[in-house]
Amino acid sequence: MKAMPWNWTCLLSHLLMVGMGSCTLLSRQPPAPAQKRSFATFRGEPAESFNHLVVDERTGHIYLGAVNRIYKLSSDLKVLVTHQTGPDEDNPKCYPPRIVQTCMEPLTTTNNVNKMLLIDYKENRLIACGSLFQGVCKLLRLDDLFKLAEPFHKKEHYLSGANGSGAVFGVIVSYSNLDDKLFIATAVDGKPEYFPTISSRKLTKNSEADGMFAYVFHDEFVASMIKIPSDTFTVIPDFDIYYVYGFSSGNFVYFLTLQPEMVSPPGSTTKEQVYTSKLVRLCKEDTAFNSYVEVPIGCEHNGVEYRLLQAAYLSKAGAVLARNLGVHLDDHLLFTVFSKGQKRKMKSLDESALCIFILKQINDRIKERLQSCYRGEGTLDLAWLKVKDIPCSSALLTIDDNFCGLDMNAPLGVSEMVRGIPVFTEDRDRMTAVIAYVYKNHSLAFVGTKSGKLKKVGPGCAAGLWGQASVPPQETVVPLCVSLACLISAFLGVLWMLRDSG
């Protein structure tokens, strides 16, 4: 597939000014009059595709993951340094890759698509994983992108597979006096024997250490991973888990996913494939993954179901929204974008909704489900992992907010969907990306649409559309999600996003 040319466009802080008004959810306000705005722009190489961005919270420097290249940019989009990652001779069927042993498959010049870009603040390095050689990662020094290491000689070093379109998310768990952990979640592209869909890895202080990316725990029977069983593919041949977002909060790591499943429509005895959005939760300290729980999430407004997750972002509540929702200032909220329906993953409908989830409410639902299962009620409700229904087992124990599971009743699924709070809907121009943060006690959300508009939404007080920006046609902003990885970011009142220069 031909790589699409992208540009960075930088929107300055005057977009963040907060309006005032009465508090009504889902009340729409007319957009502010269009104003001419200046944009700083960075253009990549011809036909070069940009895939991921991260912003150093300490310096404002931007790290940009592209096809065959990593960029380090200043906050005003000037190139500071680049690092070449490809192309190279490869074949997706080579496992282990040819850099480990001779591959009998024909080799061709292959692009290296950046699949994950993550800043390791503690060790001042960048983790850049690509599609070459079954998902090998580089560790680059933040200052000058010097290659510190590129582990590739063990199967644990192949993190994501060769499919350039599969989304990968990583979450670092840091410790003051121990090596950190890296939780990795990835689509497996039909190769569950090669890649766990989710795992926790060692992130050693020494970039060249032999244990880099090794599983946190691994013995003959138990490991820090979840693999998709081969039996699952007999039920849903193209089954995979598509990861949309990942984050940590409190004692847990979370991933937001899209998963196919077979359901029977009302009044029908036949089953059809649909996609369900689910939140996955794991304890940070759980080395055996007994704490794995997933819960379906969705949104509804005026009788319309929004079930296909497009993007998400974790933020705090802020004083105004906290008062409106009855939560604390520091409570974590999930700002999410869903499109209508459940049947189209790749060609989502244009109708979409911005919805808020209170993370504590999701955790409370998970705790209720754990408590009922340990009373022996119901089944594990995890069809893709267990294939058949397995009844819950009863046990006398106290399950509190931080319960991390046992080697029974695990992994566990929650059957009842948790519904988000709708704050804004769009019927014609599908929302595809979102960020949110607190500005002067107000929670602000910025959403990007497929047609190239940036919308500012104020959930809580004067909820609804507060304004939008459209760049002239030759500079159309397209802050969308490539492989479901959102490409819109904020730092010190500045927004960065991608636009299609074609």
# chains A, B, ... in the order shown; residues from 1 in each chain; ligands from 1

$ select_by_dssp --residues "stretch 219-379 of chain A" --states "helix (DSSP H, G or I)" --output "PDB file with C-alpha atoms, in the first residue's frame"
ATOM      1  CA  THR A 232     -10.551 -18.920  19.052  1.00  0.00           C
ATOM      2  CA  PHE A 233      -9.703 -18.784  15.340  1.00  0.00           C
ATOM      3  CA  THR A 234     -11.946 -21.771  14.640  1.00  0.00           C
ATOM      4  CA  VAL A 235     -14.885 -19.667  15.892  1.00  0.00           C
ATOM      5  CA  ALA A 319     -13.501  22.052  39.206  1.00  0.00           C
ATOM      6  CA  VAL A 320     -16.467  22.816  36.936  1.00  0.00           C
ATOM      7  CA  LEU A 321     -16.900  19.358  35.454  1.00  0.00           C
ATOM      8  CA  ALA A 322     -16.171  17.678  38.796  1.00  0.00           C
ATOM      9  CA  ARG A 323     -19.042  19.621  40.363  1.00  0.00           C
ATOM     10  CA  ASN A 324     -21.310  18.725  37.460  1.00  0.00           C
ATOM     11  CA  LEU A 325     -20.504  15.013  37.631  1.00  0.00           C
ATOM     12  CA  LEU A 359     -12.850   5.688  35.755  1.00  0.00           C
ATOM     13  CA  LYS A 360     -13.915   5.032  39.340  1.00  0.00           C
ATOM     14  CA  GLN A 361     -17.341   3.911  38.140  1.00  0.00           C
ATOM     15  CA  ILE A 362     -15.737   1.418  35.755  1.00  0.00           C
ATOM     16  CA  ASN A 363     -13.557   0.114  38.594  1.00  0.00           C
ATOM     17  CA  ASP A 364     -16.607  -0.162  40.850  1.00  0.00           C
ATOM     18  CA  ARG A 365     -18.362  -2.245  38.180  1.00  0.00           C
ATOM     19  CA  ILE A 366     -15.314  -4.505  37.923  1.00  0.00           C
ATOM     20  CA  LYS A 367     -15.225  -4.935  41.708  1.00  0.00           C
ATOM     21  CA  GLU A 368     -18.921  -5.890  41.751  1.00  0.00           C
ATOM     22  CA  ARG A 369     -18.277  -8.487  39.060  1.00  0.00           C
ATOM     23  CA  LEU A 370     -15.287  -9.915  40.943  1.00  0.00           C
ATOM     24  CA  GLN A 371     -17.330 -10.161  44.121  1.00  0.00           C
ATOM     25  CA  SER A 372     -20.210 -11.944  42.384  1.00  0.00           C
ATOM     26  CA  CYS A 373     -17.868 -14.379  40.623  1.00  0.00           C
TER      27      CYS A 373
END

$ select_by_dssp --residues "stretch 257-482 of chain A" --states "strand (DSSP E)" --output "VMD selection string"
chain A and resid 257 to 263 272 to 283 293 to 301 304 to 316 332 to 340 352 to 358 412 to 413 418 to 419 421 to 426 431 to 439 442 to 449 453 to 457 465 to 470 481 to 482

$ residues_around --residues "A:Val447" --least-positions-apart "5" --cutoff "9 Å" --atoms "only C-alpha atoms" --output "PyMOL selection string"
chain A and resi 337+354+431-436+453-457+479+488

$ write_last_selection --atoms "N, CA and C atoms" --output "short mmCIF file (atom, residue, chain, number, x, y, z; two decimals), in the first residue's frame"
data_model
loop_
_atom_site.label_atom_id
_atom_site.label_comp_id
_atom_site.auth_asym_id
_atom_site.auth_seq_id
_atom_site.Cartn_x
_atom_site.Cartn_y
_atom_site.Cartn_z
N VAL A 337 -14.16 8.88 21.93
CA VAL A 337 -14.93 9.11 20.73
C VAL A 337 -15.40 7.76 20.20
N LEU A 354 -18.84 12.16 21.36
CA LEU A 354 -17.81 12.35 22.39
C LEU A 354 -18.45 12.03 23.73
N MET A 431 -15.85 12.21 14.10
CA MET A 431 -14.73 12.54 14.98
C MET A 431 -13.78 11.34 15.03
N THR A 432 -12.49 11.62 14.97
CA THR A 432 -11.50 10.54 14.87
C THR A 432 -10.38 10.63 15.88
N ALA A 433 -10.24 11.74 16.60
CA ALA A 433 -9.16 11.91 17.57
C ALA A 433 -9.62 12.84 18.66
N VAL A 434 -9.03 12.71 19.83
CA VAL A 434 -9.43 13.55 20.96
C VAL A 434 -8.27 13.73 21.92
N ILE A 435 -8.16 14.93 22.49
CA ILE A 435 -7.36 15.17 23.67
C ILE A 435 -8.20 15.98 24.64
N ALA A 436 -7.81 16.01 25.89
CA ALA A 436 -8.55 16.79 26.89
C ALA A 436 -7.61 17.16 28.03
N LYS A 453 -11.35 19.26 10.47
CA LYS A 453 -11.74 20.33 11.39
C LYS A 453 -11.29 19.98 12.79
N LEU A 454 -10.89 21.02 13.51
CA LEU A 454 -10.56 20.87 14.92
C LEU A 454 -11.65 21.54 15.71
N LYS A 455 -12.31 20.78 16.55
CA LYS A 455 -13.44 21.29 17.32
C LYS A 455 -13.07 21.37 18.80
N LYS A 456 -13.41 22.50 19.40
CA LYS A 456 -13.20 22.66 20.84
C LYS A 456 -14.53 22.45 21.55
N VAL A 457 -14.55 21.48 22.46
CA VAL A 457 -15.77 21.12 23.15
C VAL A 457 -15.57 21.34 24.64
N PRO A 479 -6.56 15.58 11.83
CA PRO A 479 -6.08 14.95 13.06
C PRO A 479 -6.81 13.63 13.27
N ILE A 488 -2.71 13.29 17.81
CA ILE A 488 -3.00 14.65 18.22
C ILE A 488 -2.49 14.77 19.65
#

$ residues_around --residues "A:Phe195" --least-positions-apart "3" --cutoff "12 Å" --atoms "only C-alpha atoms" --output "ChimeraX atom specification"
/A:95,134-135,155-162,168,184-192,198-199,225-229,240

$ write_last_selection --atoms "N, CA and C atoms" --output "short mmCIF file (atom, residue, chain, number, x, y, z; two decimals), in the first residue's frame"
data_model
loop_
_atom_site.label_atom_id
_atom_site.label_comp_id
_atom_site.auth_asym_id
_atom_site.auth_seq_id
_atom_site.Cartn_x
_atom_site.Cartn_y
_atom_site.Cartn_z
N TYR A 95 10.50 -15.78 10.28
CA TYR A 95 10.46 -15.85 11.75
C TYR A 95 11.27 -17.04 12.20
N GLN A 134 9.89 -8.50 12.42
CA GLN A 134 8.91 -8.97 13.40
C GLN A 134 8.78 -8.04 14.61
N GLY A 135 8.94 -6.76 14.39
CA GLY A 135 8.66 -5.80 15.45
C GLY A 135 9.81 -5.52 16.38
N LYS A 155 13.26 -14.45 20.99
CA LYS A 155 11.88 -14.29 20.53
C LYS A 155 11.14 -13.22 21.33
N GLU A 156 11.60 -12.95 22.55
CA GLU A 156 10.97 -11.89 23.35
C GLU A 156 11.20 -10.51 22.75
N HIS A 157 12.14 -10.41 21.83
CA HIS A 157 12.46 -9.11 21.24
C HIS A 157 11.57 -8.77 20.05
N TYR A 158 10.73 -9.71 19.63
CA TYR A 158 9.83 -9.45 18.51
C TYR A 158 8.47 -9.11 19.10
N LEU A 159 8.18 -7.82 19.11
CA LEU A 159 7.07 -7.36 19.94
C LEU A 159 5.75 -7.21 19.20
N SER A 160 5.78 -7.02 17.89
CA SER A 160 4.52 -6.60 17.28
C SER A 160 4.25 -7.16 15.90
N GLY A 161 5.14 -7.91 15.32
CA GLY A 161 4.89 -8.46 14.01
C GLY A 161 5.17 -7.49 12.89
N ALA A 162 5.04 -7.99 11.66
CA ALA A 162 5.45 -7.22 10.49
C ALA A 162 4.32 -6.42 9.86
N VAL A 168 -0.01 -0.74 18.23
CA VAL A 168 0.73 -1.21 19.40
C VAL A 168 0.72 -0.11 20.45
N ILE A 184 3.01 -4.15 27.13
CA ILE A 184 2.88 -4.04 25.67
C ILE A 184 1.58 -4.73 25.25
N ALA A 185 0.79 -4.04 24.42
CA ALA A 185 -0.44 -4.61 23.87
C ALA A 185 -0.42 -4.43 22.36
N THR A 186 -0.70 -5.51 21.63
CA THR A 186 -0.57 -5.46 20.18
C THR A 186 -1.55 -6.40 19.49
N ALA A 187 -2.00 -6.01 18.31
CA ALA A 187 -2.70 -6.95 17.45
C ALA A 187 -1.70 -8.00 16.98
N VAL A 188 -2.14 -9.26 16.85
CA VAL A 188 -1.21 -10.34 16.54
C VAL A 188 -1.28 -10.76 15.08
N ASP A 189 -2.23 -10.24 14.32
CA ASP A 189 -2.30 -10.47 12.88
C ASP A 189 -2.30 -11.97 12.54
N GLY A 190 -3.08 -12.74 13.29
CA GLY A 190 -3.21 -14.16 12.99
C GLY A 190 -2.03 -15.02 13.42
N LYS A 191 -1.12 -14.47 14.22
CA LYS A 191 0.07 -15.22 14.63
C LYS A 191 0.17 -15.30 16.16
N PRO A 192 -0.83 -15.91 16.82
CA PRO A 192 -0.81 -15.96 18.28
C PRO A 192 0.32 -16.81 18.83
N ILE A 198 -1.03 -9.32 24.88
CA ILE A 198 -0.69 -8.37 25.94
C ILE A 198 0.32 -9.04 26.86
N SER A 199 1.32 -8.27 27.31
CA SER A 199 2.38 -8.84 28.14
C SER A 199 3.06 -7.73 28.93
N MET A 225 1.82 -12.75 30.53
CA MET A 225 1.28 -12.53 29.19
C MET A 225 -0.10 -13.15 29.06
N ILE A 226 -0.82 -12.71 28.03
CA ILE A 226 -2.06 -13.33 27.58
C ILE A 226 -1.90 -13.64 26.10
N LYS A 227 -2.11 -14.90 25.73
CA LYS A 227 -2.08 -15.28 24.32
C LYS A 227 -3.49 -15.63 23.87
N ILE A 228 -3.77 -15.35 22.60
CA ILE A 228 -5.06 -15.73 22.03
C ILE A 228 -5.00 -17.21 21.67
N PRO A 229 -5.87 -18.06 22.24
CA PRO A 229 -5.82 -19.49 21.94
C PRO A 229 -6.13 -19.77 20.49
N ASP A 240 -8.91 -10.82 16.21
CA ASP A 240 -7.75 -10.11 16.76
C ASP A 240 -8.28 -9.10 17.77
#

$ residues_around --residues "stretch 136-139 of chain A" --least-positions-apart "4" --cutoff "10 Å" --atoms "only C-alpha atoms" --output "ChimeraX atom specification"
/A:85,97,114-120,124-132,145-153,155-162,207-208,213

$ residues_around --residues "A:Gly250" --least-positions-apart "6" --cutoff "12 Å" --atoms "only C-alpha atoms" --output "MDAnalysis selection string"
chainID A and resid 173 281:285 330:332 359:360 363 401:402

$ atom_distance --atom1 "atom CA of A:Asp407" --atom2 "atom CA of A:Tyr243"
25.7 Å

$ closest_residue --among "A:Pro422, A:Pro96, A:Gly405, A:Pro411" --to "A:Thr336" --atoms "only C-alpha atoms"
A:Pro422

$ atom_distance --atom1 "atom CA of A:Gly458" --atom2 "atom CA of A:Ala40"
25.4 Å

$ atom_distance --atom1 "atom CA of A:Val263" --atom2 "atom CA of A:Asp427"
26.6 Å

$ decode --residues "stretch 132-285 of chain A" --atoms "C-alpha atoms" --output "short mmCIF file (atom, residue, chain, number, x, y, z; two decimals), in the first residue's frame"
data_model
loop_
_atom_site.label_atom_id
_atom_site.label_comp_id
_atom_site.auth_asym_id
_atom_site.auth_seq_id
_atom_site.Cartn_x
_atom_site.Cartn_y
_atom_site.Cartn_z
CA LEU A 132 10.79 -4.68 10.25
CA PHE A 133 12.12 -8.00 11.57
CA GLN A 134 8.91 -8.97 13.40
CA GLY A 135 8.66 -5.80 15.45
CA VAL A 136 12.20 -5.20 16.70
CA CYS A 137 12.61 -2.05 18.83
CA LYS A 138 15.42 0.47 19.12
CA LEU A 139 16.38 2.36 22.25
CA LEU A 140 17.54 5.85 21.27
CA ARG A 141 19.10 8.55 23.43
CA LEU A 142 16.68 11.47 23.72
CA ASP A 143 19.33 14.14 23.27
CA ASP A 144 20.67 13.11 19.86
CA LEU A 145 18.80 9.90 18.87
CA PHE A 146 22.01 7.90 19.19
CA LYS A 147 21.20 4.17 19.13
CA LEU A 148 21.80 2.76 22.60
CA ALA A 149 20.63 -0.75 21.74
CA GLU A 150 18.52 -2.81 19.35
CA PRO A 151 17.74 -6.17 20.97
CA PHE A 152 16.86 -8.79 18.35
CA HIS A 153 18.40 -12.19 19.19
CA LYS A 154 15.53 -13.66 21.31
CA LYS A 155 11.88 -14.29 20.53
CA GLU A 156 10.97 -11.89 23.35
CA HIS A 157 12.46 -9.11 21.24
CA TYR A 158 9.83 -9.45 18.51
CA LEU A 159 7.07 -7.36 19.94
CA SER A 160 4.52 -6.60 17.28
CA GLY A 161 4.89 -8.46 14.01
CA ALA A 162 5.45 -7.22 10.49
CA ASN A 163 1.97 -5.83 9.77
CA GLY A 164 2.49 -2.08 9.50
CA SER A 165 -1.19 -1.30 10.14
CA GLY A 166 -1.49 -3.06 13.51
CA ALA A 167 -1.69 -0.76 16.50
CA VAL A 168 0.73 -1.21 19.40
CA PHE A 169 0.50 0.51 22.77
CA GLY A 170 3.01 0.55 25.59
CA VAL A 171 2.67 1.69 29.20
CA ILE A 172 5.73 2.11 31.43
CA VAL A 173 5.47 1.39 35.15
CA SER A 174 8.36 3.06 36.98
CA TYR A 175 10.05 2.24 40.27
CA SER A 176 12.51 4.31 42.26
CA ASN A 177 15.05 1.56 43.00
CA LEU A 178 14.12 -1.27 40.61
CA ASP A 179 14.07 -1.81 36.87
CA ASP A 180 10.89 -0.55 35.28
CA LYS A 181 8.21 -2.60 33.53
CA LEU A 182 6.81 -2.15 30.06
CA PHE A 183 3.28 -3.36 29.40
CA ILE A 184 2.88 -4.04 25.67
CA ALA A 185 -0.44 -4.61 23.87
CA THR A 186 -0.57 -5.46 20.18
CA ALA A 187 -2.70 -6.95 17.45
CA VAL A 188 -1.21 -10.34 16.54
CA ASP A 189 -2.30 -10.47 12.88
CA GLY A 190 -3.21 -14.16 12.99
CA LYS A 191 0.07 -15.22 14.63
CA PRO A 192 -0.81 -15.96 18.28
CA GLU A 193 1.96 -18.55 18.48
CA TYR A 194 4.51 -15.77 17.89
CA PHE A 195 3.10 -12.82 19.82
CA PRO A 196 1.11 -12.47 23.04
CA THR A 197 -1.68 -9.96 22.64
CA ILE A 198 -0.69 -8.37 25.94
CA SER A 199 2.38 -8.84 28.14
CA SER A 200 4.63 -7.16 30.68
CA ARG A 201 8.36 -6.90 29.94
CA LYS A 202 11.50 -5.93 31.79
CA LEU A 203 12.75 -2.45 30.99
CA THR A 204 16.32 -2.67 32.27
CA LYS A 205 18.40 0.33 33.27
CA ASN A 206 21.19 -0.87 31.01
CA SER A 207 19.90 -0.63 27.44
CA GLU A 208 22.23 -3.45 26.34
CA ALA A 209 21.32 -5.82 29.17
CA ASP A 210 20.51 -9.38 28.14
CA GLY A 211 17.18 -9.19 29.98
CA MET A 212 15.81 -6.20 28.06
CA PHE A 213 12.18 -6.90 27.02
CA ALA A 214 12.20 -10.32 28.72
CA TYR A 215 8.90 -11.29 30.31
CA VAL A 216 8.66 -10.06 33.89
CA PHE A 217 7.87 -13.66 34.90
CA HIS A 218 8.05 -16.86 32.88
CA ASP A 219 8.13 -20.53 33.83
CA GLU A 220 6.77 -23.73 32.35
CA PHE A 221 3.16 -22.99 33.27
CA VAL A 222 2.73 -19.28 33.98
CA ALA A 223 4.01 -16.11 32.33
CA SER A 224 3.37 -12.39 32.34
CA MET A 225 1.28 -12.53 29.19
CA ILE A 226 -2.06 -13.33 27.58
CA LYS A 227 -2.08 -15.28 24.32
CA ILE A 228 -5.06 -15.73 22.03
CA PRO A 229 -5.82 -19.49 21.94
CA SER A 230 -5.76 -21.19 18.55
CA ASP A 231 -9.29 -22.49 19.24
CA THR A 232 -10.55 -18.92 19.05
CA PHE A 233 -9.70 -18.78 15.34
CA THR A 234 -11.95 -21.77 14.64
CA VAL A 235 -14.89 -19.67 15.89
CA ILE A 236 -13.80 -16.30 14.43
CA PRO A 237 -11.12 -16.91 11.76
CA ASP A 238 -10.03 -13.27 11.55
CA PHE A 239 -10.12 -12.67 15.31
CA ASP A 240 -7.75 -10.11 16.76
CA ILE A 241 -7.74 -7.51 19.49
CA TYR A 242 -7.23 -4.00 18.19
CA TYR A 243 -5.76 -1.61 20.74
CA VAL A 244 -6.91 2.00 20.66
CA TYR A 245 -5.36 3.53 23.80
CA GLY A 246 -3.36 2.62 26.91
CA PHE A 247 -2.65 4.30 30.24
CA SER A 248 -2.00 3.71 33.93
CA SER A 249 -3.93 5.00 36.93
CA GLY A 250 -3.47 4.07 40.58
CA ASN A 251 -2.47 0.42 40.93
CA PHE A 252 -3.66 -0.59 37.47
CA VAL A 253 -2.75 -0.51 33.79
CA TYR A 254 -5.57 -0.13 31.28
CA PHE A 255 -5.99 -0.69 27.56
CA LEU A 256 -8.97 0.23 25.41
CA THR A 257 -9.74 -2.22 22.63
CA LEU A 258 -11.97 -3.24 19.76
CA GLN A 259 -12.76 -6.96 19.57
CA PRO A 260 -14.83 -9.00 17.10
CA GLU A 261 -17.42 -11.36 18.51
CA MET A 262 -20.28 -13.48 17.25
CA VAL A 263 -23.78 -12.52 18.41
CA SER A 264 -27.32 -13.53 17.51
CA PRO A 265 -29.51 -10.58 16.41
CA PRO A 266 -32.88 -10.32 18.18
CA GLY A 267 -35.28 -12.94 16.82
CA SER A 268 -32.57 -14.78 14.88
CA THR A 269 -30.95 -18.14 15.49
CA THR A 270 -27.95 -17.38 13.31
CA LYS A 271 -24.92 -15.45 14.51
CA GLU A 272 -23.18 -12.52 12.87
CA GLN A 273 -19.86 -10.85 13.55
CA VAL A 274 -19.86 -7.46 15.27
CA TYR A 275 -17.23 -5.41 17.05
CA THR A 276 -17.36 -4.61 20.73
CA SER A 277 -15.36 -1.91 22.49
CA LYS A 278 -13.84 -3.14 25.74
CA LEU A 279 -11.65 -1.79 28.51
CA VAL A 280 -8.97 -4.20 29.75
CA ARG A 281 -7.50 -3.83 33.26
CA LEU A 282 -4.44 -5.42 34.88
CA CYS A 283 -2.71 -4.89 38.21
CA LYS A 284 0.73 -3.34 37.84
CA GLU A 285 2.23 -5.88 40.24
#
